[in-house]
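Chemist: One structure, as structure tokens, below. Some questions next.
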Amino acid sequence: MSPINLLKQYIDATNTHNFENVERLLHPKAVYWFTDKTCTGMEEIKKYFETAWDTIKEEKYSAADVQWLVMENDSATCIYNYHYEGYFKGKFIKGSGRATNVFVKDSEQNWKIIHEHLSSI
């Protein structure tokens, strides 16, 4: 699998709202920078995802305008605009922001996400 395919799988996994599907795509040392919080370790990342899914019901997440800045044998980095929509307190909402994802190969040579930085605009 390539980082390009992994990004697609990651978006699909995020939209299942089941963290087990997301976790299998993440490097064990993943670090997430959200607009309001830094998460290190799988438990912190899981809690953040699950809180977001509980807050915005039926959330659909997507990526647009993906640009691959680096594509090496063992690492890759992309930037994109993210979009989300769902229901917050019963009202339909949508929003967007910017994202950076860093991919590395793990010890078994499988691509994994080691970093994500999301910021709202």
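To be explicit about the labels: the chains of the structure tokens are called A, B, and onward in the order shown, and within each one the residues are counted from 1, while ligands get numbers from 1 in the order they are shown.
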List the spatial neighbours of Gly97 (chain A) as JSON, numbers by chain - criterion: any atom at most 8 Å away, only C-alpha atoms, same-chain residues fewer than 5 positions off excluded.
Modeler: {"A": [81, 82, 83, 118, 119, 120, 121]}
Chemist: Restricted to C-alpha atoms, what would the selected residues look like written as a short mmCIF file (atom, residue, chain, number, x, y, z; two decimals), in the first residue's frame?
Modeler:
```
data_model
loop_
_atom_site.label_atom_id
_atom_site.label_comp_id
_atom_site.auth_asym_id
_atom_site.auth_seq_id
_atom_site.Cartn_x
_atom_site.Cartn_y
_atom_site.Cartn_z
CA ASN A 81 -8.09 21.06 3.07
CA TYR A 82 -10.41 19.07 5.28
CA HIS A 83 -14.17 19.39 5.40
CA LEU A 118 -5.36 20.02 11.93
CA SER A 119 -6.19 23.68 12.19
CA SER A 120 -9.51 25.36 11.59
CA ILE A 121 -9.76 28.39 9.33
#
```
Chemist: Name the residues in contact with region 44-54 of chain A at a cut-off of 9 Å, using only C-alpha atoms, excluding same-chain residues fewer than 2 positions from it; report them as a JSON list (two decimals) with N, CA and C atoms, in the first residue's frame.
Modeler:
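The new file part_17.json reads:
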```json
[["chain", "number", "residue", "atom", "x", "y", "z"],
["A", 14, "THR", "N", -12.04, 6.95, 9.43],
["A", 14, "THR", "CA", -12.55, 8.03, 10.29],
["A", 14, "THR", "C", -14.07, 8.11, 10.19],
["A", 17, "HIS", "N", -16.53, 5.98, 12.45],
["A", 17, "HIS", "CA", -16.71, 6.39, 13.85],
["A", 17, "HIS", "C", -16.37, 5.26, 14.81],
["A", 18, "ASN", "N", -15.44, 4.41, 14.38],
["A", 18, "ASN", "CA", -14.95, 3.30, 15.21],
["A", 18, "ASN", "C", -13.43, 3.45, 15.27],
["A", 19, "PHE", "N", -12.92, 3.79, 16.46],
["A", 19, "PHE", "CA", -11.50, 4.10, 16.55],
["A", 19, "PHE", "C", -10.61, 2.90, 16.22],
["A", 20, "GLU", "N", -11.07, 1.69, 16.42],
["A", 20, "GLU", "CA", -10.26, 0.52, 16.06],
["A", 20, "GLU", "C", -9.89, 0.55, 14.58],
["A", 22, "VAL", "N", -9.44, 3.26, 12.80],
["A", 22, "VAL", "CA", -8.44, 4.32, 12.65],
["A", 22, "VAL", "C", -7.10, 3.86, 13.22],
["A", 23, "GLU", "N", -7.14, 3.28, 14.40],
["A", 23, "GLU", "CA", -5.92, 2.92, 15.12],
["A", 23, "GLU", "C", -5.00, 2.00, 14.32],
["A", 30, "ALA", "N", 2.39, 7.94, 17.27],
["A", 30, "ALA", "CA", 1.69, 9.05, 16.61],
["A", 30, "ALA", "C", 1.48, 10.22, 17.57],
["A", 31, "VAL", "N", 1.58, 11.42, 17.00],
["A", 31, "VAL", "CA", 1.32, 12.67, 17.72],
["A", 31, "VAL", "C", 0.34, 13.48, 16.87],
["A", 32, "TYR", "N", -0.73, 13.94, 17.51],
["A", 32, "TYR", "CA", -1.74, 14.74, 16.83],
["A", 32, "TYR", "C", -1.77, 16.14, 17.39],
["A", 37, "LYS", "N", -5.78, 21.14, 21.12],
["A", 37, "LYS", "CA", -5.14, 20.15, 21.98],
["A", 37, "LYS", "C", -4.06, 19.39, 21.23],
["A", 38, "THR", "N", -3.02, 19.01, 21.95],
["A", 38, "THR", "CA", -2.00, 18.09, 21.44],
["A", 38, "THR", "C", -2.25, 16.74, 22.08],
["A", 39, "CYS", "N", -2.28, 15.70, 21.27],
["A", 39, "CYS", "CA", -2.51, 14.35, 21.77],
["A", 39, "CYS", "C", -1.29, 13.47, 21.45],
["A", 40, "THR", "N", -0.73, 12.88, 22.47],
["A", 40, "THR", "CA", 0.37, 11.94, 22.31],
["A", 40, "THR", "C", -0.08, 10.62, 22.92],
["A", 41, "GLY", "N", 0.18, 9.56, 22.24],
["A", 41, "GLY", "CA", -0.25, 8.25, 22.72],
["A", 41, "GLY", "C", -1.64, 7.91, 22.22],
["A", 42, "MET", "N", -1.85, 6.63, 22.01],
["A", 42, "MET", "CA", -3.08, 6.15, 21.40],
["A", 42, "MET", "C", -4.31, 6.45, 22.25],
["A", 56, "ILE", "N", -20.30, 15.80, 17.37],
["A", 56, "ILE", "CA", -20.89, 16.03, 16.04],
["A", 56, "ILE", "C", -21.42, 14.70, 15.53],
["A", 57, "LYS", "N", -22.71, 14.53, 15.61],
["A", 57, "LYS", "CA", -23.37, 13.28, 15.22],
["A", 57, "LYS", "C", -23.36, 13.12, 13.71],
["A", 58, "GLU", "N", -23.20, 11.87, 13.28],
["A", 58, "GLU", "CA", -23.21, 11.53, 11.85],
["A", 58, "GLU", "C", -22.17, 12.31, 11.06],
["A", 59, "GLU", "N", -21.06, 12.62, 11.70],
["A", 59, "GLU", "CA", -20.03, 13.41, 11.03],
["A", 59, "GLU", "C", -19.47, 12.69, 9.81]]
```
Chemist: Would you mind listing what lies within 9 Å of region 24-26 of chain A as a list in words, with only C-alpha atoms counted and same-chain residues fewer than 3 positions away left out?
Modeler: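 Those residues are Leu6, Gln9, Tyr10, Ala13, Phe19, Glu20, Asn21, Lys29, Ala30, Met42, Phe103, Trp111, Lys112, Ile113, Ile114 and His115 of chain A.
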Chemist: Write the residues of the selection above to a file with N, CA, C and O atoms, as a short mmCIF file (atom, residue, chain, number, x, y, z; two decimals), in the first residue's frame.
Modeler:
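And here is the file that came out, result_29.cif:
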```cif
data_model
loop_
_atom_site.label_atom_id
_atom_site.label_comp_id
_atom_site.auth_asym_id
_atom_site.auth_seq_id
_atom_site.Cartn_x
_atom_site.Cartn_y
_atom_site.Cartn_z
N LEU A 6 -3.18 4.88 1.77
CA LEU A 6 -3.38 4.94 3.22
C LEU A 6 -4.22 6.15 3.60
O LEU A 6 -5.10 6.06 4.47
N GLN A 9 -7.78 5.29 2.94
CA GLN A 9 -8.27 4.35 3.95
C GLN A 9 -8.50 5.06 5.28
O GLN A 9 -9.45 4.75 6.00
N TYR A 10 -7.63 6.00 5.61
CA TYR A 10 -7.75 6.76 6.85
C TYR A 10 -9.04 7.59 6.87
O TYR A 10 -9.75 7.61 7.87
N ALA A 13 -11.85 5.18 7.29
CA ALA A 13 -11.87 4.66 8.67
C ALA A 13 -12.42 5.71 9.63
O ALA A 13 -13.20 5.37 10.54
N PHE A 19 -12.92 3.79 16.46
CA PHE A 19 -11.50 4.10 16.55
C PHE A 19 -10.61 2.90 16.22
O PHE A 19 -9.49 3.08 15.75
N GLU A 20 -11.07 1.69 16.42
CA GLU A 20 -10.26 0.52 16.06
C GLU A 20 -9.89 0.55 14.58
O GLU A 20 -8.78 0.15 14.21
N ASN A 21 -10.78 1.03 13.74
CA ASN A 21 -10.50 1.14 12.31
C ASN A 21 -9.43 2.18 12.02
O ASN A 21 -8.63 2.03 11.10
N LYS A 29 3.72 5.61 17.83
CA LYS A 29 4.25 6.86 18.39
C LYS A 29 3.59 8.10 17.77
O LYS A 29 4.17 9.18 17.78
N ALA A 30 2.39 7.94 17.27
CA ALA A 30 1.69 9.05 16.61
C ALA A 30 1.48 10.22 17.57
O ALA A 30 1.22 10.03 18.77
N MET A 42 -1.85 6.63 22.01
CA MET A 42 -3.08 6.15 21.40
C MET A 42 -4.31 6.45 22.25
O MET A 42 -5.37 6.77 21.72
N PHE A 103 3.59 10.44 7.08
CA PHE A 103 3.53 8.99 6.98
C PHE A 103 4.94 8.42 7.08
O PHE A 103 5.87 8.99 6.51
N TRP A 111 3.10 1.27 5.75
CA TRP A 111 2.90 2.70 5.92
C TRP A 111 1.93 2.96 7.06
O TRP A 111 0.90 2.31 7.17
N LYS A 112 2.27 3.94 7.90
CA LYS A 112 1.44 4.35 9.03
C LYS A 112 1.47 5.87 9.15
O LYS A 112 2.44 6.52 8.74
N ILE A 113 0.45 6.44 9.74
CA ILE A 113 0.42 7.88 10.01
C ILE A 113 1.08 8.11 11.35
O ILE A 113 0.67 7.53 12.36
N ILE A 114 2.11 8.94 11.37
CA ILE A 114 2.81 9.24 12.62
C ILE A 114 2.47 10.65 13.14
O ILE A 114 2.66 10.94 14.31
N HIS A 115 1.94 11.50 12.26
CA HIS A 115 1.59 12.84 12.71
C HIS A 115 0.44 13.39 11.87
O HIS A 115 0.39 13.19 10.66
#
```
Chemist: Taking only C-alpha atoms into account, produce a table as JSON lines in which each residue of region 76-108 of chain A with an atom at most 10 Å from an atom of region 63-70 of chain A appears once, together with its shortest atom pair and the distance in Å to one decimal, ordered by chain and rising number.
Modeler:
```
{"residue": "A:Ala76", "atom": "CA", "partner": "A:Val70", "partner_atom": "CA", "distance": 4.9}
{"residue": "A:Thr77", "atom": "CA", "partner": "A:Val70", "partner_atom": "CA", "distance": 5.1}
{"residue": "A:Cys78", "atom": "CA", "partner": "A:Trp68", "partner_atom": "CA", "distance": 4.3}
{"residue": "A:Ile79", "atom": "CA", "partner": "A:Gln67", "partner_atom": "CA", "distance": 5.4}
{"residue": "A:Tyr80", "atom": "CA", "partner": "A:Val66", "partner_atom": "CA", "distance": 4.4}
{"residue": "A:Asn81", "atom": "CA", "partner": "A:Ala64", "partner_atom": "CA", "distance": 5.2}
{"residue": "A:Tyr82", "atom": "CA", "partner": "A:Ala63", "partner_atom": "CA", "distance": 4.5}
{"residue": "A:His83", "atom": "CA", "partner": "A:Ala63", "partner_atom": "CA", "distance": 6.4}
{"residue": "A:Tyr84", "atom": "CA", "partner": "A:Ala63", "partner_atom": "CA", "distance": 9.0}
{"residue": "A:Ser96", "atom": "CA", "partner": "A:Ala63", "partner_atom": "CA", "distance": 9.5}
{"residue": "A:Gly97", "atom": "CA", "partner": "A:Ala63", "partner_atom": "CA", "distance": 9.8}
{"residue": "A:Arg98", "atom": "CA", "partner": "A:Ala63", "partner_atom": "CA", "distance": 9.3}
{"residue": "A:Ala99", "atom": "CA", "partner": "A:Ala63", "partner_atom": "CA", "distance": 8.7}
{"residue": "A:Thr100", "atom": "CA", "partner": "A:Val66", "partner_atom": "CA", "distance": 9.6}
{"residue": "A:Asn101", "atom": "CA", "partner": "A:Trp68", "partner_atom": "CA", "distance": 9.6}
{"residue": "A:Val102", "atom": "CA", "partner": "A:Val70", "partner_atom": "CA", "distance": 9.2}
{"residue": "A:Phe103", "atom": "CA", "partner": "A:Val70", "partner_atom": "CA", "distance": 9.8}
```
Chemist: Would you return as a list in words the members of region 7-64 of chain A that DSSP assigns to strand (DSSP E) on this structure's backbone?
Modeler: Leu26, His27, Pro28, Lys29, Ala30, Val31, Tyr32, Trp33, Thr38, Cys39, Thr40, Lys57, Glu58, Glu59, Lys60, Tyr61, Ser62, Ala63 and Ala64 of chain A
Chemist: Got time to write the residues from that selection, all heavy atoms, as a compact mmCIF listing (two decimals), in the first residue's frame?
Modeler:
```txt
# COMPACT_ATOMS: atom_id res chain seq x y z
N LEU A 26 -2.45 3.91 12.34
CA LEU A 26 -1.58 4.86 13.02
C LEU A 26 -0.32 4.19 13.55
O LEU A 26 -0.35 3.04 14.00
CB LEU A 26 -2.32 5.49 14.21
CG LEU A 26 -3.62 6.21 13.90
CD1 LEU A 26 -4.18 6.84 15.16
CD2 LEU A 26 -3.45 7.23 12.80
N HIS A 27 0.76 4.93 13.51
CA HIS A 27 2.02 4.49 14.10
C HIS A 27 1.87 4.54 15.62
O HIS A 27 1.21 5.45 16.14
CB HIS A 27 3.15 5.42 13.64
CG HIS A 27 4.50 4.93 13.97
ND1 HIS A 27 5.06 5.09 15.22
CD2 HIS A 27 5.41 4.26 13.23
CE1 HIS A 27 6.25 4.55 15.24
NE2 HIS A 27 6.50 4.04 14.03
N PRO A 28 2.46 3.60 16.35
CA PRO A 28 2.33 3.60 17.82
C PRO A 28 2.83 4.89 18.48
O PRO A 28 2.39 5.22 19.58
CB PRO A 28 3.17 2.41 18.28
CG PRO A 28 3.38 1.57 17.07
CD PRO A 28 3.22 2.45 15.87
N LYS A 29 3.72 5.61 17.83
CA LYS A 29 4.25 6.86 18.39
C LYS A 29 3.59 8.10 17.77
O LYS A 29 4.17 9.18 17.78
CB LYS A 29 5.76 6.92 18.21
CG LYS A 29 6.50 5.85 18.99
CD LYS A 29 8.00 5.97 18.82
CE LYS A 29 8.69 4.88 19.64
NZ LYS A 29 10.14 4.95 19.52
N ALA A 30 2.39 7.94 17.27
CA ALA A 30 1.69 9.05 16.61
C ALA A 30 1.48 10.22 17.57
O ALA A 30 1.22 10.03 18.77
CB ALA A 30 0.36 8.57 16.06
N VAL A 31 1.58 11.42 17.00
CA VAL A 31 1.32 12.67 17.72
C VAL A 31 0.34 13.48 16.87
O VAL A 31 0.56 13.66 15.67
CB VAL A 31 2.61 13.49 17.93
CG1 VAL A 31 2.30 14.84 18.56
CG2 VAL A 31 3.61 12.71 18.76
N TYR A 32 -0.73 13.94 17.51
CA TYR A 32 -1.74 14.74 16.83
C TYR A 32 -1.77 16.14 17.39
O TYR A 32 -1.80 16.31 18.61
CB TYR A 32 -3.13 14.11 17.00
CG TYR A 32 -3.46 13.07 15.95
CD1 TYR A 32 -2.67 11.94 15.78
CD2 TYR A 32 -4.56 13.23 15.13
CE1 TYR A 32 -2.97 11.00 14.81
CE2 TYR A 32 -4.87 12.29 14.15
CZ TYR A 32 -4.07 11.18 14.00
OH TYR A 32 -4.37 10.25 13.05
N TRP A 33 -1.77 17.12 16.51
CA TRP A 33 -1.94 18.51 16.90
C TRP A 33 -3.29 18.96 16.36
O TRP A 33 -3.47 19.09 15.15
CB TRP A 33 -0.86 19.39 16.31
CG TRP A 33 0.50 19.23 16.93
CD1 TRP A 33 0.84 18.46 18.00
CD2 TRP A 33 1.70 19.85 16.50
NE1 TRP A 33 2.17 18.56 18.27
CE2 TRP A 33 2.73 19.42 17.35
CE3 TRP A 33 2.00 20.73 15.48
CZ2 TRP A 33 4.04 19.84 17.21
CZ3 TRP A 33 3.31 21.16 15.33
CH2 TRP A 33 4.31 20.72 16.20
N THR A 38 -3.02 19.01 21.95
CA THR A 38 -2.00 18.09 21.44
C THR A 38 -2.25 16.74 22.08
O THR A 38 -2.42 16.65 23.29
CB THR A 38 -0.59 18.59 21.81
OG1 THR A 38 -0.36 19.84 21.14
CG2 THR A 38 0.48 17.59 21.39
N CYS A 39 -2.28 15.70 21.27
CA CYS A 39 -2.51 14.35 21.77
C CYS A 39 -1.29 13.47 21.45
O CYS A 39 -0.89 13.37 20.28
CB CYS A 39 -3.75 13.72 21.14
SG CYS A 39 -5.28 14.55 21.56
N THR A 40 -0.73 12.88 22.47
CA THR A 40 0.37 11.94 22.31
C THR A 40 -0.08 10.62 22.92
O THR A 40 -0.68 10.61 23.99
CB THR A 40 1.65 12.43 23.00
OG1 THR A 40 1.38 12.67 24.37
CG2 THR A 40 2.17 13.71 22.36
N LYS A 57 -22.71 14.53 15.61
CA LYS A 57 -23.37 13.28 15.22
C LYS A 57 -23.36 13.12 13.71
O LYS A 57 -23.49 14.10 12.97
CB LYS A 57 -24.80 13.24 15.74
CG LYS A 57 -24.94 13.46 17.23
CD LYS A 57 -24.30 12.34 18.01
CE LYS A 57 -24.53 12.54 19.50
NZ LYS A 57 -23.79 11.64 20.32
N GLU A 58 -23.20 11.87 13.28
CA GLU A 58 -23.21 11.53 11.85
C GLU A 58 -22.17 12.31 11.06
O GLU A 58 -22.38 12.64 9.89
CB GLU A 58 -24.61 11.73 11.26
CG GLU A 58 -25.68 10.88 11.91
CD GLU A 58 -27.06 11.15 11.35
OE1 GLU A 58 -27.17 11.32 10.11
OE2 GLU A 58 -28.01 11.18 12.14
N GLU A 59 -21.06 12.62 11.70
CA GLU A 59 -20.03 13.41 11.03
C GLU A 59 -19.47 12.69 9.81
O GLU A 59 -19.19 11.50 9.85
CB GLU A 59 -18.88 13.72 11.99
CG GLU A 59 -17.80 14.57 11.32
CD GLU A 59 -16.55 14.72 12.15
OE1 GLU A 59 -16.28 13.86 13.00
OE2 GLU A 59 -15.83 15.69 11.91
N LYS A 60 -19.33 13.44 8.74
CA LYS A 60 -18.66 12.97 7.53
C LYS A 60 -17.44 13.86 7.33
O LYS A 60 -17.55 15.09 7.31
CB LYS A 60 -19.57 13.06 6.31
CG LYS A 60 -20.80 12.20 6.40
CD LYS A 60 -20.47 10.73 6.36
CE LYS A 60 -21.73 9.90 6.37
NZ LYS A 60 -21.66 8.76 7.25
N TYR A 61 -16.29 13.23 7.18
CA TYR A 61 -15.01 13.93 7.05
C TYR A 61 -14.49 13.67 5.64
O TYR A 61 -14.61 12.55 5.12
CB TYR A 61 -14.04 13.37 8.10
CG TYR A 61 -12.69 14.02 8.15
CD1 TYR A 61 -12.50 15.21 8.83
CD2 TYR A 61 -11.59 13.43 7.54
CE1 TYR A 61 -11.25 15.81 8.90
CE2 TYR A 61 -10.33 14.02 7.60
CZ TYR A 61 -10.17 15.20 8.28
OH TYR A 61 -8.93 15.79 8.35
N SER A 62 -13.90 14.68 5.02
CA SER A 62 -13.33 14.50 3.67
C SER A 62 -12.09 15.36 3.51
O SER A 62 -11.86 16.31 4.25
CB SER A 62 -14.36 14.84 2.60
OG SER A 62 -14.76 16.19 2.70
N ALA A 63 -11.30 15.02 2.51
CA ALA A 63 -10.08 15.76 2.18
C ALA A 63 -10.17 16.24 0.73
O ALA A 63 -10.65 15.51 -0.15
CB ALA A 63 -8.85 14.86 2.34
N ALA A 64 -9.73 17.46 0.50
CA ALA A 64 -9.74 18.04 -0.84
C ALA A 64 -8.40 18.74 -1.10
O ALA A 64 -7.71 19.14 -0.16
CB ALA A 64 -10.88 19.04 -0.98
```
Chemist: DSSP on the backbone: which residues in chain A end up as alpha helix (DSSP H)? Give the answer as a ChimeraX atom specification.
Modeler: /A:3-14,19-23,42-55
Chemist: When you draw a straight line from CA of Glu85 (chain A) to CA of Glu116 (chain A), how long is it in Å?
Modeler: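 So the answer is 19.5 Å.
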